[in-house]
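Heads up: the structure comes next, in structure tokens.
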Amino acid sequence: MNLHKFITNQIKSALEKIPALADADMSNVVVEVPRDRTHGDFATNAAMVLAKALKQNPCKIAEEILPHICALPFARCASIAGPGFININLKDSFILENVFPDSEHRAKRVSGAPPQVIDLDYGSYNVAKSLHIGHLRGGIIGDSFYRIAKFLGHRPVSYNHMGDWGKPMALVIAWIMKKFPNDWDKPDFKIDESEFNDYYPAASAHAQENSEFLEQVLLIKKEFQDGRADYAALYEKMLSISMRQMADIVERLGMLPFDNNLGERNAAKYLDPVEKILREQNLLTLDNGAEIIKLKRDDDKAPMPPFMWKDSRGADTYDSTDLATIYYRKITDKPDRIIYFTDYRQQLHFAQLFRAAELSGIFPADRLEFPYFGGINGADGKPYKTRDGTVAGLLDMIETVDAAARARVKESGKNLTEDTVKMIALAALKFNDLLHDTKSDYIFDADAVTQFEGRTGPYILYTAVRLNSVLKKANGAGQTKKTCCLSVDERLLSLAILDFDRAVGAAFDKRAPDVLANYTYDLCQTINTFYHNCPILRDDVPADVRAHRLGLVAAAVETLSTAIDLMGLKIPEEM
Ligand code: ARG
């Protein structure tokens with residue numbers, strides 16, 4: 001159950017029944033979960049909002065409201081604080097009824113909103129190009145969002161929208177032709193995988209200095225897109241290496257496999273029907289040999305360059321294939337919305353794309369979303385670099401964290417299996433990524449993220465392992481909810497467990513898994529305080545108290561494990 005939503009609705013409907021408030025606008029009334037629960041489990045600004053609307057004194061309104069809130073079946077008491085805030089405390093019996101996993105309320109997950117088909121575009125790796133740090137965040141955030149959407153009963157469809165149609169393909173083809181002029185087009189020509197990832201940077205550097213080579217690249221791009229067979233054959237060889245590398249990354253990052261690995265090249269098959277739509281609506285304009293769609297509106301404050309449908313050589317563009325992709329997804333999945341998880345540098349691209357989709361009537365812009373995310377920096381505030389000073393790639397990040405986690409485990413003297421160390425390293429990397437406000441850059445420090453204490457992945461896993469081991473040691477001993485009252489720590493733990501559905505719902509609504517990551521950290525803190533203050537298996541603990549606490553531990557494990565799974569992390573057996 002989404003306790004927060006339930007309490008909010010109950011309070012609002014109680015207020016609506018008060019005759020004196022019948023006409024007041026309740027839309028600004030909010031119910032909050034206070035960070036410090038010592039004053040109340042929930043707090044509302046209702047009296048202040050209503051006093052303003054009715055031009056009355058907030059304390060007077062609060063006094064009028066109070067008995068109605070106190071009369072709600074779940075309320076133990078309510079009190080007025082400060083300028084008219086109302087704090088509400090829940091009855092222990094109400095908390096207990098809801099906190100246990102088998103209770104009917106907790107099973108009701110979906111918020112009541114109808115399930116949506118949501119196409120999710122993340123990862124979106126490029127063929128023949130090594131993956132960069134932007135791809136790291138996109139994969140981690142997108143994968144977690146996919147899991148959250150599914151958990152809430154939606155129907156997400158994931159797309160690895162591969163970059164496989166543009167200039168980088170032509171650069172690599174041109175480079176291979178230059179390196180192996182006599183062999184590149186032979187059927188038995190094999191690309192040497194160990195050097196494959198060096199081709200793109202080498203070709204791209206060469207094209208910058210050599211205009212003849214660049215000309216050749218642009219021609220190759222056009223001919224490749226027109227279907228030239230020898231280029232297509234070479235491309236297939238490139239693709240198979242890249243697909244293997246992508247699958248490897250997906251596995252190493254513990255992501256769910258993509259529902260679709262379909263990128264620009266697939267989209268190119270749908271350019272014709274899209275072009276027909278654009279022509280029918282007279283949206284295409286010739287501009288120095290290129291075909292564009294003008295997007296600028298009179299009221300635009302920020303620059304809005306035109307949408308590039310075909311470049312001046314008649315080649316397809318990142319813009320055109322992205323519009324055709326929307327068309328493709330529309331006719332196949334019929335999605336309610338499409339959400340793209342790509343880094344902040346593509347804000348303009350998506351603003352243009354969404355406008356072109358809207359203008360052409362292909363897809364409404366208000367159902368296309370780009371909740372961009374920030375970059376990963378080093379201590380100097382610049383994009384994170386490897387030891388040799390080059391900007392780090394995705395694999396560098398994985399390896400750096402792996403090494404730091406290994407060092408940390410060694411230093412702790414723990415004897416852990418290889419699989420466990422890997423799980424710890426991955427949790428360190430991913431949890432740290434998910435924890436940060438998605439929109440901001442963050443500073444990456446491999447030593448900090450692998451600590452076993454603090455806001456880290458290892459801390460989260462450690463808490464789960466600890467709870468699991470309590471349950472294991474209890475060896476099936478009775479868990480019960482038969483108790484009438486809760487101690488402070490038991491109560492706080494119960495409330496933290498009951499806050500889970502709010503956190504997941506908010507992570508979904510805000511397109512921001514960091515809400516879930518922060519919730520999980522707070523939950524772990526509460527669990528560990530409980531663990532510290534409330535003995536469970538000690539000999540002097542009475543059987544009924546033990547059974548009750550074991551019941552709470554089981555509920556906490558269920559909640560924490562679900563949260564961990566939604567972030568795409570795995571709990572080891574021991575730590
Ligand atoms: N392949 C692109 C990149 O590496 C990201 C693609 C994002 N998705 C899209 N539909 N444009 O930057």
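Naming works like this for the structure tokens: A, B, ... for the chains as they're shown, residue 1 at the start of each chain, ligands 1 onward in shown order.
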**OP:** Any chance you could list, as a count of residues only, the residues in segment 216-462 of chain A that come up strand (DSSP E or B) when DSSP is run on the backbone?
**Re:** 30
Subject >> Environment of ligand 1 within 7 Å, counting only C-alpha atoms and all ligand atoms, reported as a PyMOL selection string >> reply: chain A and resi 121-122+124-126+135+161-163+322+340+342
Export of the given selection (N, CA, C and O atoms) as an mmCIF file, in the first residue's frame:
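Just written: out_9.cif:
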```cif
data_model
loop_
_atom_site.group_PDB
_atom_site.id
_atom_site.type_symbol
_atom_site.label_atom_id
_atom_site.label_comp_id
_atom_site.auth_asym_id
_atom_site.auth_seq_id
_atom_site.Cartn_x
_atom_site.Cartn_y
_atom_site.Cartn_z
ATOM 1 N N ASP A 121 14.101 4.192 -24.089
ATOM 2 C CA ASP A 121 15.278 4.236 -24.957
ATOM 3 C C ASP A 121 16.469 4.546 -24.061
ATOM 4 O O ASP A 121 16.590 5.651 -23.540
ATOM 5 N N TYR A 122 17.299 3.547 -23.778
ATOM 6 C CA TYR A 122 18.467 3.792 -22.919
ATOM 7 C C TYR A 122 19.585 2.849 -23.321
ATOM 8 O O TYR A 122 19.375 1.926 -24.108
ATOM 9 N N SER A 124 21.616 2.548 -25.539
ATOM 10 C CA SER A 124 21.782 3.170 -26.855
ATOM 11 C C SER A 124 23.243 3.323 -27.255
ATOM 12 O O SER A 124 23.755 4.415 -27.466
ATOM 13 N N TYR A 125 23.900 2.169 -27.285
ATOM 14 C CA TYR A 125 25.328 2.113 -27.578
ATOM 15 C C TYR A 125 25.576 2.278 -29.075
ATOM 16 O O TYR A 125 24.641 2.218 -29.868
ATOM 17 N N ASN A 126 26.833 2.454 -29.405
ATOM 18 C CA ASN A 126 27.161 2.663 -30.814
ATOM 19 C C ASN A 126 27.987 1.510 -31.354
ATOM 20 O O ASN A 126 28.870 0.998 -30.661
ATOM 21 N N HIS A 135 27.245 6.458 -21.391
ATOM 22 C CA HIS A 135 26.546 5.194 -21.569
ATOM 23 C C HIS A 135 26.395 4.443 -20.252
ATOM 24 O O HIS A 135 25.495 3.628 -20.091
ATOM 25 N N HIS A 161 18.902 1.695 -28.647
ATOM 26 C CA HIS A 161 18.834 2.375 -29.948
ATOM 27 C C HIS A 161 20.258 2.580 -30.442
ATOM 28 O O HIS A 161 20.902 3.594 -30.199
ATOM 29 N N MET A 162 20.745 1.607 -31.166
ATOM 30 C CA MET A 162 22.160 1.617 -31.537
ATOM 31 C C MET A 162 22.491 2.677 -32.586
ATOM 32 O O MET A 162 21.729 2.897 -33.530
ATOM 33 N N GLY A 163 23.657 3.277 -32.388
ATOM 34 C CA GLY A 163 24.193 4.176 -33.401
ATOM 35 C C GLY A 163 24.878 3.301 -34.437
ATOM 36 O O GLY A 163 25.984 2.794 -34.211
ATOM 37 N N ASP A 322 15.921 9.262 -36.007
ATOM 38 C CA ASP A 322 15.216 9.310 -34.723
ATOM 39 C C ASP A 322 13.721 9.559 -34.915
ATOM 40 O O ASP A 322 12.890 9.012 -34.184
ATOM 41 N N TYR A 340 13.345 8.807 -23.095
ATOM 42 C CA TYR A 340 14.734 8.636 -23.511
ATOM 43 C C TYR A 340 15.649 8.939 -22.332
ATOM 44 O O TYR A 340 15.536 10.005 -21.721
ATOM 45 N N THR A 342 19.290 9.651 -21.894
ATOM 46 C CA THR A 342 20.569 9.959 -22.541
ATOM 47 C C THR A 342 21.125 11.174 -21.809
ATOM 48 O O THR A 342 20.374 11.879 -21.151
#
```
Original post:
Within 10 Å of segment 207-214 of chain A, counting only C-alpha atoms, which residues qualify if same-chain residues fewer than 6 places away don't, as a list in words?
Top reply: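 Neighbouring residues, sequence-local ones excluded: Lys167, Ala170, Leu171, Ala174, Trp175, Lys178, Pro201 and Ile220 of chain A.
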Written selection (N, CA and C atoms) as a PDB file, in the first residue's frame:
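Listing of result.pdb after writing:
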```pdb
ATOM      1  N   LYS A 167      28.023   8.663 -39.614  1.00  0.00           N
ATOM      2  CA  LYS A 167      29.416   8.886 -40.002  1.00  0.00           C
ATOM      3  C   LYS A 167      30.398   7.937 -39.306  1.00  0.00           C
ATOM      4  N   ALA A 170      30.964   4.941 -41.337  1.00  0.00           N
ATOM      5  CA  ALA A 170      31.752   5.236 -42.536  1.00  0.00           C
ATOM      6  C   ALA A 170      33.224   5.435 -42.182  1.00  0.00           C
ATOM      7  N   LEU A 171      33.483   6.069 -41.055  1.00  0.00           N
ATOM      8  CA  LEU A 171      34.874   6.280 -40.641  1.00  0.00           C
ATOM      9  C   LEU A 171      35.574   4.943 -40.446  1.00  0.00           C
ATOM     10  N   ALA A 174      36.045   3.132 -43.758  1.00  0.00           N
ATOM     11  CA  ALA A 174      37.149   3.752 -44.517  1.00  0.00           C
ATOM     12  C   ALA A 174      38.510   3.371 -43.931  1.00  0.00           C
ATOM     13  N   TRP A 175      38.555   3.297 -42.611  1.00  0.00           N
ATOM     14  CA  TRP A 175      39.820   2.980 -41.945  1.00  0.00           C
ATOM     15  C   TRP A 175      40.244   1.545 -42.242  1.00  0.00           C
ATOM     16  N   LYS A 178      41.536   1.293 -45.644  1.00  0.00           N
ATOM     17  CA  LYS A 178      42.869   1.889 -45.774  1.00  0.00           C
ATOM     18  C   LYS A 178      43.934   0.938 -45.222  1.00  0.00           C
ATOM     19  N   PRO A 201      38.676   5.934 -33.068  1.00  0.00           N
ATOM     20  CA  PRO A 201      39.448   7.142 -32.716  1.00  0.00           C
ATOM     21  C   PRO A 201      40.545   7.454 -33.744  1.00  0.00           C
ATOM     22  N   ILE A 220      31.371   7.338 -48.510  1.00  0.00           N
ATOM     23  CA  ILE A 220      31.087   5.972 -48.021  1.00  0.00           C
ATOM     24  C   ILE A 220      29.783   5.972 -47.230  1.00  0.00           C
TER      25      ILE A 220
END
```
Subject >> Non-local contacts of Phe258 of chain A (12 Å; only C-alpha atoms; under 5 positions in same chain excluded) as a ChimeraX atom specification >> reply: /A:119-125,139,142-143,146-147,156-162,243,246-247,249-251
Next, the residues of the selection above should be written as a short mmCIF file (atom, residue, chain, number, x, y, z; two decimals), in the first residue's frame with N, CA, C and O atoms.
```
data_model
loop_
_atom_site.label_atom_id
_atom_site.label_comp_id
_atom_site.auth_asym_id
_atom_site.auth_seq_id
_atom_site.Cartn_x
_atom_site.Cartn_y
_atom_site.Cartn_z
N ASP A 119 7.73 2.96 -24.03
CA ASP A 119 8.97 2.61 -24.71
C ASP A 119 10.11 3.35 -24.02
O ASP A 119 10.05 4.57 -23.83
N LEU A 120 11.12 2.59 -23.62
CA LEU A 120 12.25 3.20 -22.93
C LEU A 120 13.49 3.07 -23.81
O LEU A 120 13.85 1.96 -24.21
N ASP A 121 14.10 4.19 -24.09
CA ASP A 121 15.28 4.24 -24.96
C ASP A 121 16.47 4.55 -24.06
O ASP A 121 16.59 5.65 -23.54
N TYR A 122 17.30 3.55 -23.78
CA TYR A 122 18.47 3.79 -22.92
C TYR A 122 19.58 2.85 -23.32
O TYR A 122 19.38 1.93 -24.11
N GLY A 123 20.77 3.09 -22.72
CA GLY A 123 21.93 2.32 -23.17
C GLY A 123 22.33 2.95 -24.49
O GLY A 123 23.19 3.81 -24.56
N SER A 124 21.62 2.55 -25.54
CA SER A 124 21.78 3.17 -26.86
C SER A 124 23.24 3.32 -27.25
O SER A 124 23.76 4.42 -27.47
N TYR A 125 23.90 2.17 -27.29
CA TYR A 125 25.33 2.11 -27.58
C TYR A 125 25.58 2.28 -29.08
O TYR A 125 24.64 2.22 -29.87
N GLY A 139 22.60 3.44 -18.93
CA GLY A 139 22.25 2.03 -18.74
C GLY A 139 21.74 1.78 -17.32
O GLY A 139 20.72 1.11 -17.12
N GLY A 142 18.38 3.80 -16.77
CA GLY A 142 17.33 3.25 -17.62
C GLY A 142 16.90 1.87 -17.15
O GLY A 142 15.71 1.57 -17.07
N ASP A 143 17.87 1.03 -16.80
CA ASP A 143 17.55 -0.33 -16.36
C ASP A 143 16.74 -0.29 -15.07
O ASP A 143 15.76 -1.02 -14.92
N TYR A 146 13.25 0.86 -15.86
CA TYR A 146 12.50 -0.24 -16.50
C TYR A 146 11.91 -1.17 -15.43
O TYR A 146 10.74 -1.53 -15.45
N ARG A 147 12.77 -1.53 -14.46
CA ARG A 147 12.31 -2.44 -13.40
C ARG A 147 11.20 -1.80 -12.57
O ARG A 147 10.23 -2.46 -12.20
N PRO A 156 6.71 -1.68 -19.80
CA PRO A 156 7.83 -1.02 -20.47
C PRO A 156 8.41 -1.90 -21.58
O PRO A 156 8.36 -3.12 -21.49
N VAL A 157 8.90 -1.26 -22.61
CA VAL A 157 9.59 -1.98 -23.70
C VAL A 157 10.94 -1.29 -23.85
O VAL A 157 10.99 -0.08 -24.11
N SER A 158 12.03 -2.04 -23.66
CA SER A 158 13.33 -1.37 -23.70
C SER A 158 13.97 -1.45 -25.08
O SER A 158 13.87 -2.48 -25.77
N TYR A 159 14.63 -0.38 -25.44
CA TYR A 159 15.32 -0.29 -26.73
C TYR A 159 16.76 0.12 -26.53
O TYR A 159 17.04 1.16 -25.93
N ASN A 160 17.66 -0.68 -27.05
CA ASN A 160 19.04 -0.24 -27.20
C ASN A 160 19.08 0.37 -28.60
O ASN A 160 19.21 -0.34 -29.59
N HIS A 161 18.90 1.69 -28.65
CA HIS A 161 18.83 2.38 -29.95
C HIS A 161 20.26 2.58 -30.44
O HIS A 161 20.90 3.59 -30.20
N MET A 162 20.75 1.61 -31.17
CA MET A 162 22.16 1.62 -31.54
C MET A 162 22.49 2.68 -32.59
O MET A 162 21.73 2.90 -33.53
N MET A 243 27.99 -6.24 -31.13
CA MET A 243 26.87 -6.83 -30.40
C MET A 243 27.37 -7.69 -29.25
O MET A 243 26.81 -7.69 -28.17
N MET A 246 28.50 -5.37 -26.54
CA MET A 246 27.36 -4.77 -25.83
C MET A 246 26.73 -5.78 -24.87
O MET A 246 26.41 -5.45 -23.74
N ALA A 247 26.57 -7.02 -25.35
CA ALA A 247 25.97 -8.05 -24.49
C ALA A 247 26.85 -8.26 -23.26
O ALA A 247 26.35 -8.46 -22.14
N ILE A 249 28.75 -5.99 -21.82
CA ILE A 249 28.56 -4.85 -20.92
C ILE A 249 27.24 -4.98 -20.15
O ILE A 249 27.19 -4.77 -18.94
N VAL A 250 26.20 -5.37 -20.87
CA VAL A 250 24.89 -5.53 -20.22
C VAL A 250 25.01 -6.55 -19.09
O VAL A 250 24.51 -6.36 -17.99
N GLU A 251 25.74 -7.61 -19.37
CA GLU A 251 25.89 -8.63 -18.34
C GLU A 251 26.77 -8.13 -17.20
O GLU A 251 26.42 -8.30 -16.03
#
```
**OP:** Apply DSSP to the structure's backbone, then extract all residues of segment 132-346 of chain A labelled alpha helix (DSSP H) and return them as a count of residues only.
**Re:** 118
Could I get the residues of segment 434-535 of chain A with an atom no further than 10 Å from an atom of segment 35-46 of chain A, each paired with its nearest atom pair and that distance in Å to one decimal, using only C-alpha atoms, sorted by chain and residue number, as CSV?
```
residue,atom,partner,partner_atom,distance
A:Val488,CA,A:Thr38,CA,9.6
A:Arg491,CA,A:Asp41,CA,9.9
A:Leu492,CA,A:Arg37,CA,8.0
A:Leu495,CA,A:Asp41,CA,8.0
A:Asp522,CA,A:Arg35,CA,10.0
```
Subject >> For atom CA of Tyr327 of chain A and atom CA of Arg155 of chain A, the interatomic separation in Å (one decimal) >> reply: 18.9 Å
